[in-house]
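Colleague: Provided herewith is a single structure, encoded as structure tokens, for subsequent inquiry.
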Amino acid sequence: MTEPHNTAPGYPRIASRIVADPDDISRALRRLSHQVVENVKDVSNLVILGIPTRGVPLAQRLAKNIEEIEGFTVPVGSLDVTLFRDDLRLRPSKALEQTLIPSVGIDDKVVILVDDVLFSGRTIRAALDALNEYGRPAVVQLAVLVDRGHRELPIRADYVGKNLPTSLSENVSVHLSEIDSVDQVIIQPKEQSIEGTA
Amino acid sequence: MKHLISVQDLSRNDTLHILDTARELDRVTNGGSKLLPTLRGRTVVNLFYEDSTRTRLSFERAAKRLSADVVTFSAKGSSVSKGESLKDTALTLKAMGADMIVVRHPSPGAAHRLAHAGWLESSVINAGDGKHEHPTQALADALTIRAHLRPDAVDFDGLTIGIVGDVLHSRVARSNIFLLSSLGAKVVVVSPPTLLPVKIENWPCTVSYSLDATLPELDAIMMLRVQQERMNGTFFPSELEYSRAFGLNRARAASLPDHAIVLHPGPMNRGVEITAEVADGIRSVITDQVANGLKVRMAAMYLLIGGEVNVA
């Protein structure tokens, strides 16, 4: 358990630290993939949707792992939830990311939403609203690489790569090689926040 | 960005941002058929001092697709016909609490005045101010050209686009000349000298007086409406003569390159600037322009009032 560090003036600032390296991330994803296969049983009914930005490469890696385990190519897509957020008015309008629903659709499918960090739960709430626009899945599940706590809504993940207790004065950034050229999870004080923060 | 008054206020990146947003909105809404909750609780006022069907309907529909409340106000049948000034109308709208005002007005600069006079805090979109500008139409045209001719590229380098007809009275032409050239296209204006604005040589375009000579080099051609309601002088001898020299008919369309597309901002005078055959032909992307108008208007509304509205 990490003690929240004090960011009050006068205290030395604790620098950012890496809490997961490439091996940790790939092991976590492999475990998640096996859990999904065990849990879902019939992977032919599965659709995996990544939430941009970093949920998308995670969704692709998950699908690739599942293909290696089960020999079945799972349809992968992306779901941009920006337009469905309830906190749009708290910040300037954001550029939209790509939404790509696989051609098989999501009706009666087992849809797994994938995101990098689960925090307030508001992104997932928006994603559930967005899903409504595309059909009626049989089941919706959630896979995240990092669960950092501090939920503001009654939402939980079905598959968690790493539980990471954090303080609200910290940011958690997931970096993925497809976007950031390196795989790692970083905790840093809020002031240093950079892109990729949930 | 708080207002959308003129394409000349847009940097190249602003324009691309709006076009990209429009493309993603189209994907998310599956061609505009789905309702998004994005602007729930926001009020958009359509303030139309000039007749318009397609632009007003397009803005109304865009706002409704984003779940905004829409109030449409046309000068006919309102207090404007009793002599109310633009300022008093603006103060009324402020008191009612409008987040965005979409304004069309016969006077150039009306939208700018509404946005910057300090009468209200709303975002303002210019839906056409006299002969000045019509930025969302130019954005719709750019989106159409991009979809057909440059689907994978970011800009319009290497494209030559002809704008034909009444450039003098056309806000669509003015907005398009500045917007398309800012994206890297070469714009050629083809018009009789009487229908060219003064100082056109300072605009980012070249001028030709011969449509036939220009056609083979065009990737896209935009026919402008002969605006009978603004023709209060003698600009050409007769409609027939104009049509013979500057109208797009089948023979002329045949001398365009094979990939070239035909645009018209509407409403068309069939038989004057464009024949029905060409307007309904395979090169025509006129209905795409209407569909794309909806997308760019949704994009502009989302970008202007979708997020935190900064007091600027």
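We name chains A, B, ... following the order of the structure tokens; residues begin at 1 in each chain, and ligands are numbered from 1 as shown.
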Which residues of chain A are close to chain B, meaning at most 9 Å apart when you count only C-alpha atoms, and how do they look as an MDAnalysis selection string?
Modeller: chainID A and resid 79:80 82:100 130 133
Colleague: Mind listing the helix (DSSP H, G or I) residues of chain A, per DSSP on the backbone, as number ranges by chain?
Modeller: A: 22-40, 43-45, 55-70, 82-84, 88-90, 122-132, 177-180, 190-192
Colleague: Could you list, with a cut-off of 10 Å and counting only C-alpha atoms, the residues of range 37-87 of chain A near range 29-33 of chain A, each shown with its nearest atom pair and the distance in Å rounded to one decimal, rows sorted by chain and ascending number, as a tab-separated table?
Modeller:
```
residue	atom	partner	partner_atom	distance
A:Val37	CA	A:Ser33	CA	6.3
A:Glu38	CA	A:Ser33	CA	8.6
A:Asn39	CA	A:Ser33	CA	9.8
A:Leu58	CA	A:Leu29	CA	8.2
A:Ala59	CA	A:Leu29	CA	9.8
A:Arg61	CA	A:Leu29	CA	7.7
A:Leu62	CA	A:Ser33	CA	5.9
A:Ala63	CA	A:Ser33	CA	7.9
A:Lys64	CA	A:Ser33	CA	9.0
A:Asn65	CA	A:Ser33	CA	6.1
A:Ile66	CA	A:Ser33	CA	5.7
A:Glu67	CA	A:Ser33	CA	9.4
A:Glu68	CA	A:Ser33	CA	9.8
A:Ile69	CA	A:Ser33	CA	8.4
```
Colleague: Now that the selection is made, can you save its residues with N, CA, C and O atoms as a CSV table (one decimal), in the first residue's frame?
Modeller:
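Written output follows (again17.csv):
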```csv
chain,number,residue,atom,x,y,z
A,37,VAL,N,-11.2,-15.9,-21.6
A,37,VAL,CA,-11.5,-17.2,-22.2
A,37,VAL,C,-12.3,-18.1,-21.3
A,37,VAL,O,-13.3,-18.7,-21.6
A,38,GLU,N,-11.8,-18.2,-20.0
A,38,GLU,CA,-12.4,-19.0,-19.0
A,38,GLU,C,-13.8,-18.6,-18.7
A,38,GLU,O,-14.7,-19.4,-18.6
A,39,ASN,N,-14.0,-17.3,-18.6
A,39,ASN,CA,-15.2,-16.7,-18.2
A,39,ASN,C,-16.3,-16.8,-19.3
A,39,ASN,O,-17.4,-17.1,-19.1
A,58,LEU,N,-4.7,-1.8,-26.3
A,58,LEU,CA,-4.9,-2.8,-25.3
A,58,LEU,C,-5.9,-3.9,-25.8
A,58,LEU,O,-5.7,-5.1,-25.7
A,59,ALA,N,-7.0,-3.4,-26.4
A,59,ALA,CA,-8.0,-4.2,-27.0
A,59,ALA,C,-7.4,-5.1,-28.1
A,59,ALA,O,-7.7,-6.3,-28.1
A,61,ARG,N,-4.2,-6.1,-28.3
A,61,ARG,CA,-3.3,-7.1,-27.7
A,61,ARG,C,-4.1,-8.2,-27.1
A,61,ARG,O,-3.8,-9.4,-27.2
A,62,LEU,N,-5.2,-7.8,-26.4
A,62,LEU,CA,-6.1,-8.8,-25.8
A,62,LEU,C,-6.6,-9.8,-26.8
A,62,LEU,O,-6.6,-11.0,-26.6
A,63,ALA,N,-7.1,-9.2,-28.0
A,63,ALA,CA,-7.7,-10.1,-29.0
A,63,ALA,C,-6.6,-11.0,-29.6
A,63,ALA,O,-6.9,-12.2,-29.9
A,64,LYS,N,-5.4,-10.5,-29.7
A,64,LYS,CA,-4.3,-11.3,-30.2
A,64,LYS,C,-4.0,-12.4,-29.3
A,64,LYS,O,-3.8,-13.6,-29.7
A,65,ASN,N,-3.9,-12.1,-28.0
A,65,ASN,CA,-3.7,-13.2,-27.0
A,65,ASN,C,-4.8,-14.3,-27.1
A,65,ASN,O,-4.5,-15.5,-27.0
A,66,ILE,N,-6.0,-13.8,-27.2
A,66,ILE,CA,-7.2,-14.8,-27.2
A,66,ILE,C,-7.1,-15.6,-28.5
A,66,ILE,O,-7.4,-16.8,-28.4
A,67,GLU,N,-6.7,-15.0,-29.6
A,67,GLU,CA,-6.5,-15.8,-30.8
A,67,GLU,C,-5.5,-16.9,-30.6
A,67,GLU,O,-5.6,-18.0,-31.1
A,68,GLU,N,-4.4,-16.5,-29.9
A,68,GLU,CA,-3.3,-17.5,-29.7
A,68,GLU,C,-3.8,-18.6,-28.8
A,68,GLU,O,-3.4,-19.8,-29.0
A,69,ILE,N,-4.7,-18.3,-27.9
A,69,ILE,CA,-5.2,-19.4,-27.0
A,69,ILE,C,-6.2,-20.2,-27.6
A,69,ILE,O,-6.2,-21.4,-27.6
```
Colleague: Excluding same-chain residues fewer than 4 positions from Ala28 in chain A, what lies within 9 Å of it counting only C-alpha atoms, as a tab-separated table (two decimals) with N, CA, C and O atoms, in the first residue's frame?
Modeller:
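The resulting file, selection_38.tsv, is shown below:
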```
chain	number	residue	atom	x	y	z
A	23	ASP	N	7.35	-6.19	-19.05
A	23	ASP	CA	7.06	-7.58	-18.70
A	23	ASP	C	5.81	-7.67	-17.83
A	23	ASP	O	4.98	-8.55	-18.01
A	24	ASP	N	5.72	-6.75	-16.85
A	24	ASP	CA	4.53	-6.74	-15.98
A	24	ASP	C	3.27	-6.58	-16.82
A	24	ASP	O	2.26	-7.27	-16.61
A	32	LEU	N	-5.22	-11.67	-18.12
A	32	LEU	CA	-6.57	-11.18	-18.46
A	32	LEU	C	-7.17	-12.01	-19.59
A	32	LEU	O	-8.34	-12.38	-19.55
A	33	SER	N	-6.34	-12.29	-20.61
A	33	SER	CA	-6.85	-13.03	-21.77
A	33	SER	C	-7.37	-14.40	-21.34
A	33	SER	O	-8.43	-14.85	-21.78
A	145	LEU	N	-6.44	-2.20	-17.55
A	145	LEU	CA	-5.08	-2.56	-17.18
A	145	LEU	C	-4.81	-2.17	-15.73
A	145	LEU	O	-4.19	-2.91	-14.98
A	160	VAL	N	-9.14	-7.12	-14.14
A	160	VAL	CA	-8.23	-6.04	-13.74
A	160	VAL	C	-6.79	-6.52	-13.87
A	160	VAL	O	-6.42	-7.56	-13.33
A	161	GLY	N	-5.98	-5.78	-14.60
A	161	GLY	CA	-4.57	-6.15	-14.76
A	161	GLY	C	-3.80	-5.91	-13.48
A	161	GLY	O	-3.00	-6.73	-13.05
A	162	LYS	N	-4.04	-4.76	-12.84
A	162	LYS	CA	-3.27	-4.40	-11.65
A	162	LYS	C	-4.10	-3.45	-10.81
A	162	LYS	O	-4.58	-2.43	-11.31
```
Colleague: So how far away is CA of Tyr242 in chain B from CA of Pro192 in chain B, in Å?
Modeller: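 Interatomic distance, CA of Pro192 in chain B to CA of Tyr242 in chain B: 8.6 Å.
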Colleague: Quick one: of B:Ser238, B:Thr194, B:Ser85, B:Ser122, who's nearest to Val167 in chain B, counting only C-alpha atoms?
Modeller: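 Closest residue, counting only C-alpha atoms: B:Thr194.
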Colleague: Just asking: which residues within range 128-291 of chain B are strand (DSSP E) according to DSSP, as JSON, numbers by chain?
Modeller: {"B": [128, 129, 160, 161, 162, 163, 164, 186, 187, 188, 189, 190, 206, 207, 208, 220, 221, 222, 223, 261, 262, 263]}
Colleague: Emit the selected residues as an mmCIF file, in the first residue's frame, including N, CA, C and O atoms.
Modeller:
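Writing the result to again.cif gives the following:
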```
data_model
loop_
_atom_site.group_PDB
_atom_site.id
_atom_site.type_symbol
_atom_site.label_atom_id
_atom_site.label_comp_id
_atom_site.auth_asym_id
_atom_site.auth_seq_id
_atom_site.Cartn_x
_atom_site.Cartn_y
_atom_site.Cartn_z
ATOM 1 N N GLY B 128 -24.266 33.360 -42.844
ATOM 2 C CA GLY B 128 -24.384 34.180 -44.049
ATOM 3 C C GLY B 128 -24.676 35.618 -43.681
ATOM 4 O O GLY B 128 -25.717 35.904 -43.086
ATOM 5 N N ASP B 129 -23.738 36.516 -43.950
ATOM 6 C CA ASP B 129 -23.978 37.944 -43.689
ATOM 7 C C ASP B 129 -23.774 38.727 -44.980
ATOM 8 O O ASP B 129 -22.669 39.084 -45.352
ATOM 9 N N THR B 160 -6.818 21.728 -58.248
ATOM 10 C CA THR B 160 -7.242 22.996 -58.839
ATOM 11 C C THR B 160 -8.770 23.021 -58.821
ATOM 12 O O THR B 160 -9.418 22.090 -59.291
ATOM 13 N N ILE B 161 -9.303 24.071 -58.209
ATOM 14 C CA ILE B 161 -10.749 24.141 -58.024
ATOM 15 C C ILE B 161 -11.275 25.413 -58.688
ATOM 16 O O ILE B 161 -10.776 26.514 -58.417
ATOM 17 N N GLY B 162 -12.242 25.254 -59.585
ATOM 18 C CA GLY B 162 -12.826 26.391 -60.278
ATOM 19 C C GLY B 162 -14.097 26.854 -59.582
ATOM 20 O O GLY B 162 -14.901 26.036 -59.144
ATOM 21 N N ILE B 163 -14.243 28.176 -59.440
ATOM 22 C CA ILE B 163 -15.468 28.740 -58.884
ATOM 23 C C ILE B 163 -16.036 29.652 -59.964
ATOM 24 O O ILE B 163 -15.380 30.603 -60.384
ATOM 25 N N VAL B 164 -17.232 29.325 -60.429
ATOM 26 C CA VAL B 164 -17.729 29.932 -61.659
ATOM 27 C C VAL B 164 -18.989 30.740 -61.414
ATOM 28 O O VAL B 164 -19.968 30.202 -60.875
ATOM 29 N N LYS B 186 -5.349 25.273 -55.443
ATOM 30 C CA LYS B 186 -5.245 26.419 -56.338
ATOM 31 C C LYS B 186 -6.673 26.749 -56.772
ATOM 32 O O LYS B 186 -7.387 25.877 -57.269
ATOM 33 N N VAL B 187 -7.096 27.982 -56.529
ATOM 34 C CA VAL B 187 -8.468 28.358 -56.849
ATOM 35 C C VAL B 187 -8.483 29.260 -58.081
ATOM 36 O O VAL B 187 -7.740 30.234 -58.150
ATOM 37 N N VAL B 188 -9.299 28.896 -59.058
ATOM 38 C CA VAL B 188 -9.469 29.713 -60.256
ATOM 39 C C VAL B 188 -10.903 30.232 -60.274
ATOM 40 O O VAL B 188 -11.849 29.452 -60.187
ATOM 41 N N VAL B 189 -11.030 31.545 -60.371
ATOM 42 C CA VAL B 189 -12.353 32.141 -60.445
ATOM 43 C C VAL B 189 -12.666 32.411 -61.909
ATOM 44 O O VAL B 189 -11.848 32.974 -62.618
ATOM 45 N N VAL B 190 -13.835 31.939 -62.366
ATOM 46 C CA VAL B 190 -14.227 32.152 -63.762
ATOM 47 C C VAL B 190 -15.519 32.957 -63.763
ATOM 48 O O VAL B 190 -16.525 32.513 -63.193
ATOM 49 N N THR B 206 -6.683 32.906 -58.865
ATOM 50 C CA THR B 206 -6.424 33.483 -60.178
ATOM 51 C C THR B 206 -7.764 33.688 -60.871
ATOM 52 O O THR B 206 -8.778 33.112 -60.470
ATOM 53 N N VAL B 207 -7.768 34.532 -61.910
ATOM 54 C CA VAL B 207 -9.025 34.890 -62.565
ATOM 55 C C VAL B 207 -8.959 34.480 -64.028
ATOM 56 O O VAL B 207 -7.932 34.640 -64.687
ATOM 57 N N SER B 208 -10.061 33.908 -64.499
ATOM 58 C CA SER B 208 -10.157 33.599 -65.919
ATOM 59 C C SER B 208 -11.509 34.108 -66.411
ATOM 60 O O SER B 208 -12.489 34.118 -65.665
ATOM 61 N N ALA B 220 -12.203 20.066 -59.463
ATOM 62 C CA ALA B 220 -13.554 20.272 -58.954
ATOM 63 C C ALA B 220 -14.040 21.606 -59.497
ATOM 64 O O ALA B 220 -13.257 22.544 -59.659
ATOM 65 N N ILE B 221 -15.317 21.671 -59.799
ATOM 66 C CA ILE B 221 -15.879 22.925 -60.303
ATOM 67 C C ILE B 221 -17.122 23.263 -59.484
ATOM 68 O O ILE B 221 -17.962 22.397 -59.217
ATOM 69 N N MET B 222 -17.172 24.498 -59.024
ATOM 70 C CA MET B 222 -18.291 24.935 -58.199
ATOM 71 C C MET B 222 -19.064 25.994 -58.979
ATOM 72 O O MET B 222 -18.533 27.055 -59.308
ATOM 73 N N MET B 223 -20.314 25.691 -59.291
ATOM 74 C CA MET B 223 -21.140 26.638 -60.033
ATOM 75 C C MET B 223 -21.903 27.509 -59.025
ATOM 76 O O MET B 223 -22.518 26.989 -58.101
ATOM 77 N N ILE B 261 -15.267 16.601 -60.067
ATOM 78 C CA ILE B 261 -16.604 16.621 -59.478
ATOM 79 C C ILE B 261 -17.238 17.996 -59.657
ATOM 80 O O ILE B 261 -16.545 18.999 -59.819
ATOM 81 N N VAL B 262 -18.568 18.024 -59.632
ATOM 82 C CA VAL B 262 -19.325 19.265 -59.833
ATOM 83 C C VAL B 262 -20.068 19.608 -58.543
ATOM 84 O O VAL B 262 -20.808 18.786 -58.000
ATOM 85 N N LEU B 263 -19.832 20.833 -58.056
ATOM 86 C CA LEU B 263 -20.512 21.291 -56.837
ATOM 87 C C LEU B 263 -21.418 22.485 -57.149
ATOM 88 O O LEU B 263 -21.169 23.239 -58.094
#
```
Colleague: Give me, as a PyMOL selection string, all polymer residues having an atom no more than 9 Å from range 150-156 of chain A, counting only C-alpha atoms and skipping those fewer than 4 positions away in the same chain.
Modeller: chain A and resi 118-122+124-125+142+165-168
Colleague: Taking only C-alpha atoms into account, which of A:Leu164, A:Ile179, A:Leu46, A:Val40 comes nearest Asp108 in chain A?
Modeller: A:Leu46
Colleague: If you measure from CA of Ser123 in chain B to CA of Leu4 in chain B, what distance in Å do you get, rounded to one decimal?
Modeller: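 CA of Leu4 in chain B lies 8.1 Å from CA of Ser123 in chain B.
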Colleague: Measuring atom to atom with only C-alpha atoms, identify which of B:Pro193, B:Gly293, B:Gly271, B:Pro265 is nearest to Phe236 in chain B.
Modeller: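 Of B:Pro193, B:Gly293, B:Gly271, B:Pro265, the one nearest Phe236 in chain B is B:Pro193, counting only C-alpha atoms.
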Colleague: With only C-alpha atoms as the atoms that count, which of A:Thr53, A:Ser16, A:Asn45, A:Ser26 lies nearest to Val140 in chain A?
Modeller: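 For Val140 in chain A, the nearest of the given residues is A:Asn45.
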Colleague: So which one's closest to Lys2 in chain B, B:Asn126, B:Ser170, B:Ser58, B:Thr43? Using only C-alpha atoms, please.
Modeller: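 Smallest separation from Lys2 in chain B among the options: B:Asn126.
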Colleague: When you draw a straight line from CA of Leu86 in chain B to CA of Thr53 in chain B, how long is it in Å?
Modeller: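 CA of Thr53 in chain B lies 21.5 Å from CA of Leu86 in chain B.
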